[in-house]
$ cat input.txt   # compact mmCIF, C-alpha atoms
# COMPACT_ATOMS: atom_id res chain seq x y z
CA MET H 21 1.36 13.15 14.18
CA HIS H 22 -1.48 10.61 14.26
CA THR H 23 -4.03 13.42 14.73
CA LEU H 24 -2.55 15.24 11.75
CA LEU H 25 -2.78 12.05 9.67
CA GLN H 26 -6.42 11.66 10.72
CA ARG H 27 -7.12 15.27 9.66
CA ALA H 28 -5.49 14.58 6.29
CA ALA H 29 -7.59 11.42 5.83
CA THR H 30 -10.72 13.41 6.68
CA ALA H 31 -9.76 16.14 4.19
CA LEU H 32 -9.38 13.42 1.54
CA GLY H 33 -12.81 12.00 2.40
CA TRP H 34 -11.21 8.70 3.37
CA ASP H 35 -13.36 7.10 6.03
CA GLY H 36 -11.50 4.44 7.96
CA VAL H 37 -8.78 3.66 10.45
CA VAL H 38 -5.45 5.41 9.94
CA VAL H 39 -2.60 2.92 10.30
CA PRO H 40 0.65 4.89 10.62
CA ASP H 41 4.20 3.76 9.91
CA VAL H 42 3.60 0.89 7.50
CA ALA H 43 6.61 -0.31 5.49
CA VAL H 44 5.46 -0.53 1.86
CA LEU H 45 7.83 -1.02 -1.06
CA GLY H 46 10.77 0.41 0.87
CA GLN H 47 8.91 3.42 2.28
CA GLN H 48 7.23 4.32 5.55
CA VAL H 49 3.66 5.36 4.75
CA SER H 50 0.32 5.56 6.45
CA ALA H 51 -2.63 3.56 5.24
CA VAL H 52 -6.32 4.25 5.67
CA VAL H 53 -8.26 1.01 5.92
CA ARG H 54 -11.82 -0.01 6.54
CA LEU H 55 -12.49 -3.16 8.55
CA LEU H 56 -15.12 -5.35 6.89
CA PRO H 57 -17.09 -6.46 9.99
CA GLU H 58 -18.90 -9.42 8.39
CA VAL H 59 -15.67 -10.86 7.00
CA HIS H 60 -13.82 -10.24 10.28
CA GLU H 61 -16.59 -11.99 12.21
CA TRP H 62 -16.53 -14.96 9.80
CA ARG H 63 -12.74 -15.21 9.94
CA THR H 64 -12.78 -15.04 13.75
CA GLN H 65 -15.45 -17.74 14.00
CA ASN H 66 -13.66 -19.99 11.51
CA GLY H 67 -10.12 -19.69 12.87
CA TRP H 68 -8.63 -17.38 10.24
CA PRO H 69 -6.60 -14.77 12.13
CA PRO H 70 -4.52 -12.26 10.18
CA ARG H 71 -1.77 -14.02 8.21
CA ALA H 72 0.93 -11.35 7.95
CA ASP H 73 3.90 -13.76 7.84
CA PRO H 74 5.30 -13.46 4.29
CA SER H 75 6.52 -17.06 4.20
CA TRP H 76 3.03 -18.37 4.99
CA PHE H 77 1.59 -16.09 2.35
CA ARG H 78 4.01 -17.28 -0.35
CA SER H 79 2.85 -20.83 0.36
CA TRP H 80 -0.56 -19.87 -1.06
CA PHE H 81 0.93 -20.71 -4.44
CA GLU H 82 1.16 -24.33 -3.31
CA PRO H 83 -2.39 -25.68 -3.68
CA GLU H 84 -1.50 -28.98 -1.99
CA ALA H 85 -0.66 -27.03 1.20
CA HIS H 86 -3.75 -24.81 1.16
CA ASP H 87 -7.05 -25.88 -0.29
CA ARG H 88 -8.78 -22.69 0.90
CA LEU H 89 -7.70 -19.11 1.46
CA PRO H 90 -9.16 -16.40 3.71
CA VAL H 91 -11.04 -13.48 2.25
CA ALA H 92 -9.50 -10.06 2.94
CA ALA H 93 -11.06 -8.57 6.08
CA VAL H 94 -9.99 -4.99 5.36
CA GLU H 95 -10.31 -2.67 2.40
CA LEU H 96 -7.40 -0.36 1.59
CA VAL H 97 -9.06 3.04 1.18
CA GLY H 98 -5.86 4.92 0.41
CA VAL H 99 -2.17 5.45 1.08
CA LEU H 100 -0.92 8.67 2.63
CA VAL H 101 2.71 9.73 2.30
CA SER H 102 4.23 12.58 4.32
CA GLU H 103 6.80 14.63 2.43
CA SER H 104 8.43 17.99 3.01
CA THR H 105 8.31 19.12 -0.64
CA THR H 106 6.46 18.29 -3.83
CA ASP H 107 9.75 17.22 -5.45
CA ARG H 108 9.66 13.81 -3.75
CA ALA H 109 5.90 13.32 -3.92
CA LEU H 110 5.85 11.76 -7.38
CA GLN H 111 8.66 9.37 -6.50
CA SER H 112 7.00 8.50 -3.18
CA CYS H 113 3.57 7.74 -4.62
CA GLY H 114 4.60 6.32 -8.00
CA THR H 115 4.52 2.59 -7.24
CA LEU H 116 1.92 2.94 -4.48
CA LEU H 117 -0.65 3.98 -7.08
CA THR H 118 -0.80 0.33 -8.10
CA LEU H 119 -2.33 -0.55 -4.70
CA ALA H 120 -4.86 2.20 -3.94
CA PRO H 121 -5.37 5.94 -4.27
CA CYS H 122 -2.28 7.76 -3.03
CA ALA H 123 -1.99 11.23 -1.57
CA VAL H 124 0.94 13.23 -0.30
CA MET H 125 0.68 15.33 2.85
CA LEU H 126 2.79 18.47 2.61
CA PRO H 127 3.47 21.20 5.15
CA ARG H 128 1.59 24.44 4.61
CA THR H 129 3.89 27.09 3.08
CA ASP H 130 3.49 30.67 1.88
CA GLU H 131 4.89 29.99 -1.57
CA SER H 132 2.72 28.84 -4.46
CA GLN H 133 2.96 25.19 -5.45
CA ALA H 134 0.52 25.38 -8.38
CA TRP H 135 2.81 23.94 -11.05
CA SER H 136 3.88 21.06 -8.83
CA TYR H 137 0.24 20.33 -8.01
CA ILE H 138 -0.60 20.18 -11.71
CA GLU H 139 2.03 17.47 -12.26
CA LEU H 140 0.80 15.45 -9.28
CA ASP H 141 -2.79 15.81 -10.47
CA TYR H 142 -1.76 14.53 -13.91
CA TYR H 143 -0.54 11.29 -12.32
CA GLY H 144 -3.56 10.98 -10.03
CA ILE H 145 -1.70 11.80 -6.82
CA GLY H 146 -3.71 13.69 -4.24
CA VAL H 147 -2.31 16.61 -2.27
CA VAL H 148 -3.18 17.67 1.26
CA VAL H 149 -1.47 20.63 2.90
CA ALA H 150 -1.39 20.60 6.66
CA ASP H 151 -0.16 22.43 9.70
CA ASP H 152 -0.60 21.79 13.42
CA SER H 153 -4.31 22.51 13.40
CA THR H 154 -5.74 22.01 9.90
CA ALA H 155 -5.45 19.90 6.78
CA ASP H 156 -6.83 21.09 3.44
CA LEU H 157 -7.36 19.13 0.25
CA MET H 158 -5.61 20.80 -2.68
CA VAL H 159 -5.81 18.00 -5.28
CA PRO H 160 -8.12 14.97 -4.96
CA PRO H 161 -6.45 11.61 -5.65
CA GLU H 162 -7.58 9.21 -8.35
CA ASP H 163 -7.88 5.48 -7.91
CA ARG H 164 -5.61 4.10 -10.61
CA SER H 165 -5.22 0.67 -8.98
CA PRO H 166 -7.77 -1.04 -11.31
CA GLU H 167 -5.41 -0.28 -14.21
CA PHE H 168 -2.83 -2.58 -12.60
CA GLY H 169 -5.07 -5.33 -11.20
CA PRO H 170 -4.64 -7.30 -8.01
CA SER H 171 -1.26 -8.58 -6.86
CA LEU H 172 0.05 -11.05 -4.33
CA PHE H 173 1.89 -8.19 -2.64
CA GLY H 174 -1.31 -6.15 -2.37
CA ARG H 175 -3.17 -9.09 -0.87
CA TRP H 176 -0.38 -9.69 1.65
CA LEU H 177 -0.43 -5.99 2.57
CA LEU H 178 -4.13 -6.34 3.39
CA GLU H 179 -3.23 -9.09 5.87
CA VAL H 180 -0.57 -6.87 7.47
CA LEU H 181 -3.06 -4.02 7.75
CA TYR H 182 -5.72 -6.36 9.15
CA GLU H 183 -3.30 -7.43 11.87
CA ARG H 184 -2.40 -3.81 12.66
CA VAL H 185 -6.06 -2.74 12.87
CA LEU H 186 -6.86 -5.57 15.26
CA LYS H 187 -3.86 -4.76 17.45
CA ALA H 188 -4.83 -1.09 17.52
CA SER H 189 -8.40 -1.89 18.56
CA HIS H 190 -7.30 -4.56 21.05
CA ALA H 191 -9.76 -6.95 19.44
CA PRO H 192 -8.89 -10.65 19.67
CA ALA H 193 -7.27 -11.95 16.51
CA GLU H 194 -8.32 -15.56 17.06
CA ALA H 195 -11.52 -17.22 18.16

$ encode --input "input.txt" --output "structure tokens"
Amino acid sequence: MHTLLQRAATALGWDGVVVPDVAVLGQQVSAVVRLLPEVHEWRTQNGWPPRADPSWFRSWFEPEAHDRLPVAAVELVGVLVSESTTDRALQSCGTLLTLAPCAVMLPRTDESQAWSYIELDYYGIGVVVADDSTADLMVPPEDRSPEFGPSLFGRWLLEVLYERVLKASHAPAEA
């Protein structure tokens, strides 16, 4: 499945690390992230490992507890959702559009999906159709996240993804 996700990310033109099975807003999705090497190096040298614990993150609202905050060390390139039909794609990507471009990966079928693709395109949701060997871009996603602005949840998600990228690469999280 990871190879198929990588093919889908390539078809979308999303250059980065595919992080599968991320729980986001009640859904299991895959995220494509790009590690920011300069920020990662600075955070490592200055003792700022990933801070994925939600209780620690909520404490950022208490300025007396934290007089400085780490800069995000990853960029969320896009969110990829696997679905079996276009019917659930809009529901699956709806709230995720607030975070980054979102695309749905659908199985390749013989029947036409043109009308469903038009609706997904209207909302800015990308579509990739895939089978065991290929993934093809049918509808490019739009980045609608600037319309919603940054959020505490989005910033926390970046910390979770940073932690997952470091674990996947076996890089040390702390200096």

$ closest_residue --input "input.txt" --among "H:Arg54, H:Leu100, H:Leu172, H:Gly67" --to "H:His22" --atoms "all atoms listed in the file"
H:Leu100

$ atom_distance --input "input.txt" --atom1 "atom CA of H:Gly169" --atom2 "atom CA of H:Gln26"
27.8 Å

$ atom_distance --input "input.txt" --atom1 "atom CA of H:Glu179" --atom2 "atom CA of H:Ala92"
7.0 Å

$ closest_residue --input "input.txt" --among "H:Ser136, H:Ser50, H:Thr115, H:Thr129" --to "H:Val99" --atoms "all atoms listed in the file"
H:Ser50

$ residues_around --input "input.txt" --residues "H:Phe168" --least-positions-apart "3" --cutoff "9 Å" --atoms "only C-alpha atoms" --output "list in words"
Leu117, Thr118, Leu119, Arg164, Ser165 and Ser171 of chain H

$ atom_distance --input "input.txt" --atom1 "atom CA of H:Pro161" --atom2 "atom CA of H:Val147"
7.3 Å

$ residues_around --input "input.txt" --residues "H:Met158" --least-positions-apart "6" --cutoff "9 Å" --atoms "only C-alpha atoms" --output "PyMOL selection string"
chain H and resi 137+146-149

$ closest_residue --input "input.txt" --among "H:Gly174, H:Pro166, H:Pro127, H:Gly46" --to "H:Asp151" --atoms "only C-alpha atoms"
H:Pro127
